[in-house]
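Here is the file entry19.cif (mmCIF, C-alpha atoms and all ligand atoms).
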```
data_data
#
loop_
_atom_site.label_atom_id
_atom_site.label_comp_id
_atom_site.auth_asym_id
_atom_site.auth_seq_id
_atom_site.Cartn_x
_atom_site.Cartn_y
_atom_site.Cartn_z
CA MET R 10 0.00 0.00 0.00
CA THR R 11 1.28 3.48 -0.90
CA THR R 12 0.43 6.15 1.66
CA LEU R 13 0.25 9.89 1.00
CA ALA R 14 3.57 10.29 2.84
CA ASP R 15 5.17 7.66 0.55
CA ALA R 16 3.73 9.38 -2.50
CA ARG R 17 5.01 12.76 -1.38
CA ARG R 18 8.51 11.35 -0.83
CA ASP R 19 8.56 9.61 -4.26
CA VAL R 20 7.25 12.71 -6.04
CA ALA R 21 9.87 14.89 -4.33
CA ALA R 22 12.61 12.53 -5.54
CA THR R 23 11.28 12.68 -9.12
CA LEU R 24 11.11 16.47 -9.04
CA ARG R 25 14.59 16.73 -7.54
CA ASP R 26 15.97 14.61 -10.38
CA ALA R 27 14.23 16.91 -12.86
CA GLY R 28 15.99 19.96 -11.37
CA VAL R 29 12.86 21.51 -9.85
CA PRO R 30 14.09 24.13 -7.33
CA SER R 31 11.71 23.33 -4.42
CA PRO R 32 10.88 19.59 -4.76
CA ASP R 33 9.54 18.93 -1.24
CA VAL R 34 7.11 21.84 -1.16
CA ASP R 35 5.95 21.18 -4.72
CA ALA R 36 5.45 17.47 -3.95
CA ARG R 37 3.16 18.37 -1.06
CA TRP R 38 1.06 20.66 -3.28
CA LEU R 39 0.83 18.11 -6.08
CA VAL R 40 -0.27 15.29 -3.75
CA ALA R 41 -2.82 17.67 -2.24
CA ALA R 42 -4.08 18.63 -5.72
CA ALA R 43 -4.42 14.97 -6.77
CA THR R 44 -6.09 13.74 -3.58
CA GLY R 45 -7.89 16.81 -2.22
CA VAL R 46 -6.12 16.48 1.14
CA ASP R 47 -2.88 17.86 2.57
CA PRO R 48 -0.45 14.93 2.94
CA ARG R 49 1.00 16.57 6.08
CA ARG R 50 -2.38 16.20 7.82
CA THR R 51 -3.13 12.61 6.83
CA PRO R 52 0.25 11.05 5.98
CA GLY R 53 -0.93 7.45 6.57
CA ARG R 54 -3.96 7.64 4.26
CA PRO R 55 -3.72 5.26 1.26
CA LEU R 56 -3.29 6.68 -2.24
CA ASP R 57 -6.06 5.12 -4.35
CA ALA R 58 -5.67 4.19 -8.02
CA ALA R 59 -7.61 7.16 -9.39
CA ALA R 60 -5.56 9.65 -7.35
CA ARG R 61 -2.35 7.87 -8.41
CA ALA R 62 -3.28 8.31 -12.09
CA THR R 63 -4.04 12.00 -11.56
CA LEU R 64 -0.84 12.49 -9.58
CA ASP R 65 1.28 10.89 -12.30
CA VAL R 66 -0.03 13.42 -14.84
CA LEU R 67 0.59 16.38 -12.51
CA VAL R 68 4.11 15.19 -11.65
CA ALA R 69 5.01 14.74 -15.32
CA ARG R 70 3.95 18.34 -15.96
CA ARG R 71 5.98 19.69 -13.04
CA ALA R 72 9.00 17.58 -13.95
CA GLY R 73 8.68 19.19 -17.41
CA ARG R 74 9.16 22.50 -15.54
CA GLU R 75 5.61 23.82 -15.87
CA PRO R 76 5.10 26.25 -12.93
CA LEU R 77 3.35 24.78 -9.91
CA GLN R 78 0.76 27.58 -9.89
CA ARG R 79 -0.28 26.82 -13.47
CA ILE R 80 -0.69 23.13 -12.62
CA VAL R 81 -2.80 23.65 -9.50
CA GLY R 82 -4.61 26.57 -11.21
CA THR R 83 -4.20 29.23 -8.53
CA ALA R 84 -1.51 31.49 -7.10
CA PRO R 85 -1.53 32.80 -3.53
CA PHE R 86 -1.04 36.56 -3.23
CA ARG R 87 -1.39 38.22 0.18
CA THR R 88 -4.91 37.17 1.29
CA LEU R 89 -6.01 36.18 -2.25
CA GLU R 90 -6.07 32.97 -4.28
CA LEU R 91 -5.81 34.28 -7.83
CA THR R 92 -6.79 32.23 -10.85
CA CYS R 93 -3.89 31.28 -13.15
CA HIS R 94 -4.58 31.54 -16.88
CA PRO R 95 -2.24 30.22 -19.60
CA ASP R 96 -1.50 33.59 -21.24
CA VAL R 97 -1.18 35.66 -18.07
CA PHE R 98 1.89 36.36 -15.91
CA VAL R 99 1.89 34.39 -12.63
CA PRO R 100 2.07 36.88 -9.72
CA ARG R 101 5.26 36.58 -7.67
CA PRO R 102 5.62 36.63 -3.88
CA GLU R 103 8.08 39.57 -4.00
CA THR R 104 5.36 41.74 -5.54
CA GLU R 105 3.41 41.46 -2.27
CA VAL R 106 5.83 44.08 -0.89
CA LEU R 107 4.73 46.47 -3.66
CA VAL R 108 1.25 46.38 -2.10
CA ASP R 109 2.67 47.40 1.30
CA LEU R 110 4.59 50.26 -0.29
CA THR R 111 1.47 51.41 -2.13
CA LEU R 112 -0.59 51.31 1.08
CA ASP R 113 2.07 53.53 2.70
CA LEU R 114 2.00 55.85 -0.30
CA ILE R 115 -1.80 56.09 -0.13
CA ASP R 116 -1.51 57.12 3.52
CA ALA R 117 1.21 59.65 2.69
CA VAL R 118 -0.70 61.14 -0.23
CA GLY R 119 -3.75 61.27 1.99
CA PRO R 120 -7.46 61.40 1.27
CA THR R 121 -8.47 64.03 -1.25
CA ALA R 122 -11.19 66.65 -0.94
CA ASP R 123 -12.73 65.14 -4.08
CA GLY R 124 -13.49 61.77 -2.48
CA PRO R 125 -11.82 58.38 -2.67
CA VAL R 126 -8.11 57.99 -3.40
CA VAL R 127 -7.71 57.17 -7.11
CA VAL R 128 -5.13 54.47 -7.86
CA HIS R 129 -4.04 53.68 -11.42
CA GLU R 130 -2.37 50.33 -12.03
CA PRO R 131 -1.17 49.86 -15.62
CA CYS R 132 0.41 46.48 -16.54
CA CYS R 133 -1.93 44.75 -14.07
CA GLY R 134 -1.48 41.19 -15.42
CA SER R 135 -3.55 38.87 -13.21
CA GLY R 136 -4.76 41.93 -11.29
CA ALA R 137 -2.88 40.86 -8.16
CA VAL R 138 -1.74 44.28 -6.92
CA GLY R 139 -4.88 46.32 -7.51
CA LEU R 140 -7.21 43.58 -6.32
CA ALA R 141 -5.20 43.17 -3.11
CA LEU R 142 -5.47 46.94 -2.53
CA ALA R 143 -9.22 46.86 -3.12
CA VAL R 144 -9.67 43.97 -0.69
CA GLU R 145 -7.52 45.59 2.00
CA ARG R 146 -8.90 49.17 1.81
CA ASP R 147 -12.38 50.59 1.46
CA ASP R 148 -11.54 54.15 0.42
CA LEU R 149 -10.09 53.65 -3.08
CA VAL R 150 -11.14 53.76 -6.69
CA VAL R 151 -8.74 51.39 -8.45
CA LEU R 152 -8.29 51.53 -12.23
CA GLN R 153 -6.41 48.51 -13.58
CA GLY R 154 -5.27 48.14 -17.15
CA ASP R 155 -3.25 45.93 -19.44
CA ARG R 156 -2.47 45.72 -23.14
CA SER R 157 -3.11 41.96 -23.08
CA PRO R 158 -6.78 40.97 -23.54
CA ALA R 159 -6.05 37.75 -21.59
CA ALA R 160 -4.78 39.77 -18.61
CA VAL R 161 -7.83 42.04 -18.73
CA ALA R 162 -10.14 39.02 -18.79
CA ALA R 163 -8.25 37.38 -15.89
CA THR R 164 -8.47 40.56 -13.78
CA VAL R 165 -12.17 41.01 -14.52
CA GLY R 166 -12.81 37.36 -13.65
CA ASP R 167 -11.12 37.54 -10.25
CA ARG R 168 -12.58 40.98 -9.51
CA ASP R 169 -16.08 39.65 -10.13
CA ARG R 170 -15.40 36.52 -8.09
CA LEU R 171 -14.12 38.61 -5.15
CA ALA R 172 -17.09 40.97 -5.44
CA ALA R 173 -19.51 38.03 -5.42
CA ALA R 174 -17.81 36.69 -2.29
CA GLY R 175 -18.25 40.08 -0.60
CA ARG R 176 -14.50 40.63 -0.31
CA LEU R 177 -14.04 43.65 -2.56
CA ARG R 178 -14.15 46.77 -0.36
CA SER R 179 -13.17 49.40 -2.95
CA THR R 180 -14.36 49.94 -6.52
CA VAL R 181 -12.26 48.37 -9.30
CA HIS R 182 -12.56 49.28 -12.99
CA VAL R 183 -10.58 47.26 -15.53
CA HIS R 184 -9.48 48.74 -18.88
CA HIS R 185 -7.76 47.44 -21.96
CA GLY R 186 -4.95 49.65 -23.26
CA ASP R 187 -1.44 51.01 -23.19
CA LEU R 188 0.12 52.17 -19.90
CA LEU R 189 -1.70 55.23 -18.45
CA ALA R 190 -3.37 56.02 -21.78
CA ALA R 191 -5.71 53.12 -20.96
CA PHE R 192 -7.35 55.36 -18.34
CA ALA R 193 -7.42 58.67 -20.26
CA ALA R 194 -11.13 58.44 -21.08
CA ALA R 195 -12.13 56.87 -17.73
CA ALA R 196 -14.30 58.50 -15.08
CA HIS R 197 -11.23 59.02 -12.84
CA PRO R 198 -8.45 60.06 -15.26
CA VAL R 199 -6.25 61.85 -12.69
CA PRO R 200 -4.54 59.43 -10.29
CA ASP R 201 -3.49 60.19 -6.74
CA VAL R 202 -1.25 57.12 -6.84
CA VAL R 203 0.25 55.09 -9.71
CA VAL R 204 1.51 51.59 -9.02
CA ALA R 205 2.96 49.10 -11.50
CA ASN R 206 5.10 46.05 -11.98
CA PRO R 207 5.82 46.60 -15.68
CA PRO R 208 7.94 44.35 -17.91
CA TYR R 209 11.54 45.45 -17.38
CA LEU R 210 13.95 42.81 -18.68
CA PRO R 211 16.15 43.40 -21.72
CA ALA R 212 15.25 41.08 -24.60
CA ALA R 213 18.68 39.42 -24.35
CA ASP R 214 17.82 38.16 -20.83
CA LEU R 215 15.19 35.74 -22.14
CA GLY R 216 17.84 33.08 -22.78
CA THR R 217 18.99 33.21 -19.15
CA LEU R 218 15.62 32.58 -17.48
CA GLU R 219 14.39 29.38 -15.82
CA PRO R 220 12.11 27.17 -17.97
CA GLU R 221 9.15 27.95 -15.68
CA VAL R 222 9.47 31.60 -16.70
CA VAL R 223 10.66 31.63 -20.30
CA ASP R 224 8.45 28.74 -21.45
CA HIS R 225 5.26 29.75 -19.59
CA ASP R 226 5.06 33.49 -18.82
CA PRO R 227 4.05 35.64 -21.83
CA HIS R 228 7.21 37.31 -23.11
CA ALA R 229 5.35 40.63 -23.36
CA ALA R 230 5.01 40.46 -19.56
CA LEU R 231 8.76 40.03 -19.09
CA VAL R 232 10.58 42.10 -21.70
CA GLY R 233 10.41 45.90 -21.74
CA GLY R 234 12.27 46.13 -25.08
CA PRO R 235 15.84 45.78 -26.35
CA ASP R 236 17.12 47.85 -23.41
CA GLY R 237 14.53 46.58 -20.92
CA HIS R 238 13.70 49.98 -19.45
CA GLU R 239 11.55 51.33 -22.25
CA LEU R 240 8.25 50.88 -20.41
CA VAL R 241 9.62 51.95 -17.01
CA ASP R 242 10.89 55.19 -18.57
CA ALA R 243 7.62 55.76 -20.46
CA LEU R 244 5.59 55.17 -17.31
CA LEU R 245 7.68 57.57 -15.22
CA ALA R 246 7.30 60.26 -17.88
CA ALA R 247 3.55 59.72 -18.28
CA ALA R 248 2.88 59.61 -14.52
CA ALA R 249 4.90 62.83 -14.01
CA ARG R 250 2.35 64.53 -16.28
CA ARG R 251 -0.81 62.82 -15.09
CA LEU R 252 -0.49 62.43 -11.31
CA ARG R 253 -2.25 65.00 -9.24
CA PRO R 254 0.27 67.41 -7.64
CA GLY R 255 1.58 65.75 -4.49
CA GLY R 256 0.59 62.31 -5.76
CA GLY R 257 2.93 59.33 -5.70
CA ILE R 258 4.25 56.44 -7.75
CA ALA R 259 5.48 52.99 -6.69
CA LEU R 260 7.22 50.75 -9.23
CA GLU R 261 8.69 47.26 -9.13
CA VAL R 262 11.89 47.34 -11.19
CA ASP R 263 14.91 45.30 -12.18
CA ALA R 264 16.90 45.11 -8.91
CA ARG R 265 20.12 45.43 -10.92
CA ARG R 266 19.02 48.81 -12.25
CA ALA R 267 17.02 50.41 -9.43
CA ASP R 268 19.59 53.23 -9.06
CA GLU R 269 19.14 54.03 -12.73
CA VAL R 270 15.34 54.19 -12.33
CA ALA R 271 15.72 56.49 -9.31
CA ALA R 272 17.99 58.79 -11.35
CA THR R 273 15.46 58.83 -14.22
CA ALA R 274 12.69 59.68 -11.74
CA THR R 275 14.70 62.59 -10.33
CA ARG R 276 15.43 63.88 -13.84
CA ALA R 277 11.69 63.63 -14.63
CA GLY R 278 10.98 66.05 -11.75
CA TYR R 279 9.86 63.67 -8.99
CA VAL R 280 10.78 64.39 -5.36
CA ASP R 281 11.25 62.12 -2.32
CA VAL R 282 12.67 59.47 -4.66
CA ALA R 283 13.59 56.36 -2.64
CA LEU R 284 14.67 52.78 -3.21
CA ARG R 285 12.86 50.08 -1.27
CA GLN R 286 13.91 46.47 -0.73
CA ASP R 287 12.26 43.10 -1.29
CA LEU R 288 12.41 40.31 1.30
CA THR R 289 15.91 39.29 0.10
CA GLY R 290 17.20 42.84 0.69
CA ALA R 291 17.50 43.65 -3.03
CA ASP R 292 16.56 47.15 -4.26
CA ARG R 293 13.48 46.04 -6.19
CA PHE R 294 11.16 49.03 -5.77
CA VAL R 295 11.29 52.77 -6.45
CA VAL R 296 8.82 55.16 -4.83
CA ALA R 297 8.55 58.88 -5.58
CA ARG R 298 6.21 61.85 -5.33
CA ARG R 299 5.13 64.46 -7.80
CA PRO R 300 5.87 67.93 -6.40
CA GLY R 301 2.81 69.44 -4.79
CA ASP R 302 2.42 72.50 -7.00
CA GLY R 303 0.69 73.10 -10.33
CA PRO R 304 -2.39 71.55 -11.87
CA PRO R 305 -2.39 68.00 -13.25
CA GLN R 306 -2.06 67.78 -17.02
CA ARG R 307 -4.25 65.39 -18.95
C1 LIG R 401 5.38 41.61 -15.13
S1 LIG R 401 3.70 41.52 -15.65
C2 LIG R 401 3.01 42.17 -14.16
C3 LIG R 401 1.67 41.66 -13.81
C4 LIG R 401 1.20 42.09 -12.44
N1 LIG R 401 1.32 43.51 -12.22
C5 LIG R 401 1.95 41.34 -11.35
O1 LIG R 401 2.80 41.93 -10.69
O2 LIG R 401 1.68 40.16 -11.17
C6 LIG R 401 3.62 42.87 -16.79
C7 LIG R 401 2.26 43.10 -17.46
O3 LIG R 401 2.38 44.27 -18.30
C8 LIG R 401 1.59 44.09 -19.46
N2 LIG R 401 2.08 45.03 -20.50
C9 LIG R 401 3.17 44.94 -21.27
N3 LIG R 401 3.31 46.04 -22.02
C10 LIG R 401 2.27 46.86 -21.72
C11 LIG R 401 1.85 48.16 -22.15
N4 LIG R 401 2.56 48.84 -23.06
N5 LIG R 401 0.74 48.69 -21.62
C12 LIG R 401 0.01 47.99 -20.70
N6 LIG R 401 0.35 46.77 -20.24
C13 LIG R 401 1.47 46.21 -20.74
C14 LIG R 401 1.77 42.63 -19.80
O4 LIG R 401 0.71 42.17 -20.62
C15 LIG R 401 1.79 42.00 -18.39
O5 LIG R 401 0.49 41.59 -18.02
#
```
Output the file's structure as structure tokens, nothing else.
Amino acid sequence: MTTLADARRDVAATLRDAGVPSPDVDARWLVAAATGVDPRRTPGRPLDAAARATLDVLVARRAGREPLQRIVGTAPFRTLELTCHPDVFVPRPETEVLVDLTLDLIDAVGPTADGPVVVHEPCCGSGAVGLALAVERDDLVVLQGDRSPAAVAATVGDRDRLAAAGRLRSTVHVHHGDLLAAFAAAAHPVPDVVVANPPYLPAADLGTLEPEVVDHDPHAALVGGPDGHELVDALLAAAARRLRPGGGIALEVDARRADEVAATATRAGYVDVALRQDLTGADRFVVARRPGDGPPQR
């Protein structure tokens, strides 16, 4: 008889041989996905034939370096379980820090006389960042946008699911389009806060990425252009024009080039430009404010 603990151990060995970076954790998730129970809770339970057949398929996919989140169909992000779709970037744990930085920025920018704080999130992908904000605060209007129709559909799907579950505390509008231009004709075209995790890798980096990334994330979600910084630079320039005076921006960037982004932000006229670190201590985020004088330009 094979128990769930046996199965987990065998799966971990298979994944280790295939070069999967976290074989023990992934084995636990795959056994749970195949059986519907966590093997840590019921290690002595027998693995039946049907679950064995399902598990074999899941393990073959993971050993082929398909990301775990795509196999189990969801990705955890702060308090959310987001749906994973084939053509949409899988949200990463490090991006959870971007939500904390944005919450701080919202507090610093403060409530406006005009009503709720307006947050624009271009390049929203699965919708992770903006949806987390809208679940955690009740005083926002969040506009999310992406150039990928698949990303827009994914964000709308999870927004509607969260709304139906009574978890969405702020209003979320989802738009299809390019960077901040996606919101130009929206009901709230002037943001108090802009947040984004845009594509920022140079095209030449594609060959250096793990199979889970290069073979499964859409390349348009990874690569900013030949240099990598094309979209980061465009976003900084556009937000410097569109943010309300005194508003703020929080960006996730290439940790190897965060200094460069900060220098670009300073040249673009931002103030209080600061680097912030991810959980490994790398400079992965840049936050900045638009000076508090002058009217916003559309
Ligand atoms: C790195 S993913 C980030 C997804 C999400 N923000 C997250 O952190 O999980 C970048 C996203 O930017 C989108 N994108 C790329 N170029 C864009 C553009 N010019 N305008 C709007 N979205 C764009 C891609 O489709 C992709 O969904």
Kindly compile the residues surrounding ligand LIG 401 (chain R) within 8 Å, counting only C-alpha atoms and all ligand atoms, and format them as a PyMOL selection string. chain R and resi 97-101+104+130-138+154-157+160+185-189+191+205-209+227+229-233+240
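Counting all atoms listed in the file and comparing R:Asp35, R:Asp147, R:Asp201, R:Asp96, the residue that lies closest to R:Val161 is R:Asp96.
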Report, in Å to a single decimal, how far apart atom CA of R:Glu269 and atom CA of R:Gly290 are. 17.6 Å
Show me, as a ChimeraX atom specification, the residues that have an atom within 7 Å of R:Pro55 when counting all atoms listed in the file, minus same-chain residues fewer than 5 positions from it. /R:10-13
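With atom CA of R:Leu142 on one side and atom CA of R:Gly278 on the other, the separation reads 26.8 Å.
When only C-alpha atoms are used to measure the gap to R:Arg54, the shortest distance among R:Val128, R:Val183, R:Ala277, R:Ala14 belongs to R:Ala14.
Of note, atom CA of R:Asp242 and atom CA of R:Val165 are spaced 27.4 Å apart.
If all atoms listed in the file are the atoms counted, then among R:Arg178, R:Arg253, R:Arg293, R:Arg170 the closest residue to R:Asp148 is R:Arg178.
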Around stretch 64-67 of chain R, fit a box with edges along x, y and z, padding it by 4 Å on each side, then list its centre and edge lengths in Å to one decimal as lines of an AutoDock Vina configuration file.
```
center_x = 0.2
center_y = 13.6
center_z = -12.2
size_x = 10.1
size_y = 13.5
size_z = 13.3
```
Taking only C-alpha atoms into account, which of R:Ala16, R:Leu284, R:Ala141, R:Val203 comes nearest R:Gly256? R:Val203
Could you give me, as a Markdown table, every stretch 156-232 of chain R residue with an atom at most 10 Å from stretch 66-85 of chain R, plus its closest atom pair and distance in Å to one decimal, counting only C-alpha atoms, rows ordered by chain then number?
```
| residue | atom | partner | partner_atom | distance |
| --- | --- | --- | --- | --- |
| R:Glu219 | CA | R:Arg74 | CA | 8.6 |
| R:Pro220 | CA | R:Arg74 | CA | 6.0 |
| R:Glu221 | CA | R:Pro76 | CA | 5.2 |
| R:Val222 | CA | R:Pro76 | CA | 7.9 |
| R:Asp224 | CA | R:Glu75 | CA | 8.0 |
| R:His225 | CA | R:Glu75 | CA | 7.0 |
| R:Asp226 | CA | R:Pro76 | CA | 9.3 |
```
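Considering only C-alpha atoms, the residue among R:Gly237, R:Gly175, R:Gly257, R:Pro200 positioned nearest to R:Val127 is R:Pro200.
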Do a neighbour search on R:Asp268 at 10 Å with all atoms listed in the file, toss out local chain neighbours closer than 5 positions, and write the hits as a VMD selection string. chain R and resid 262 to 263 273 to 274 283 to 284 292 to 295
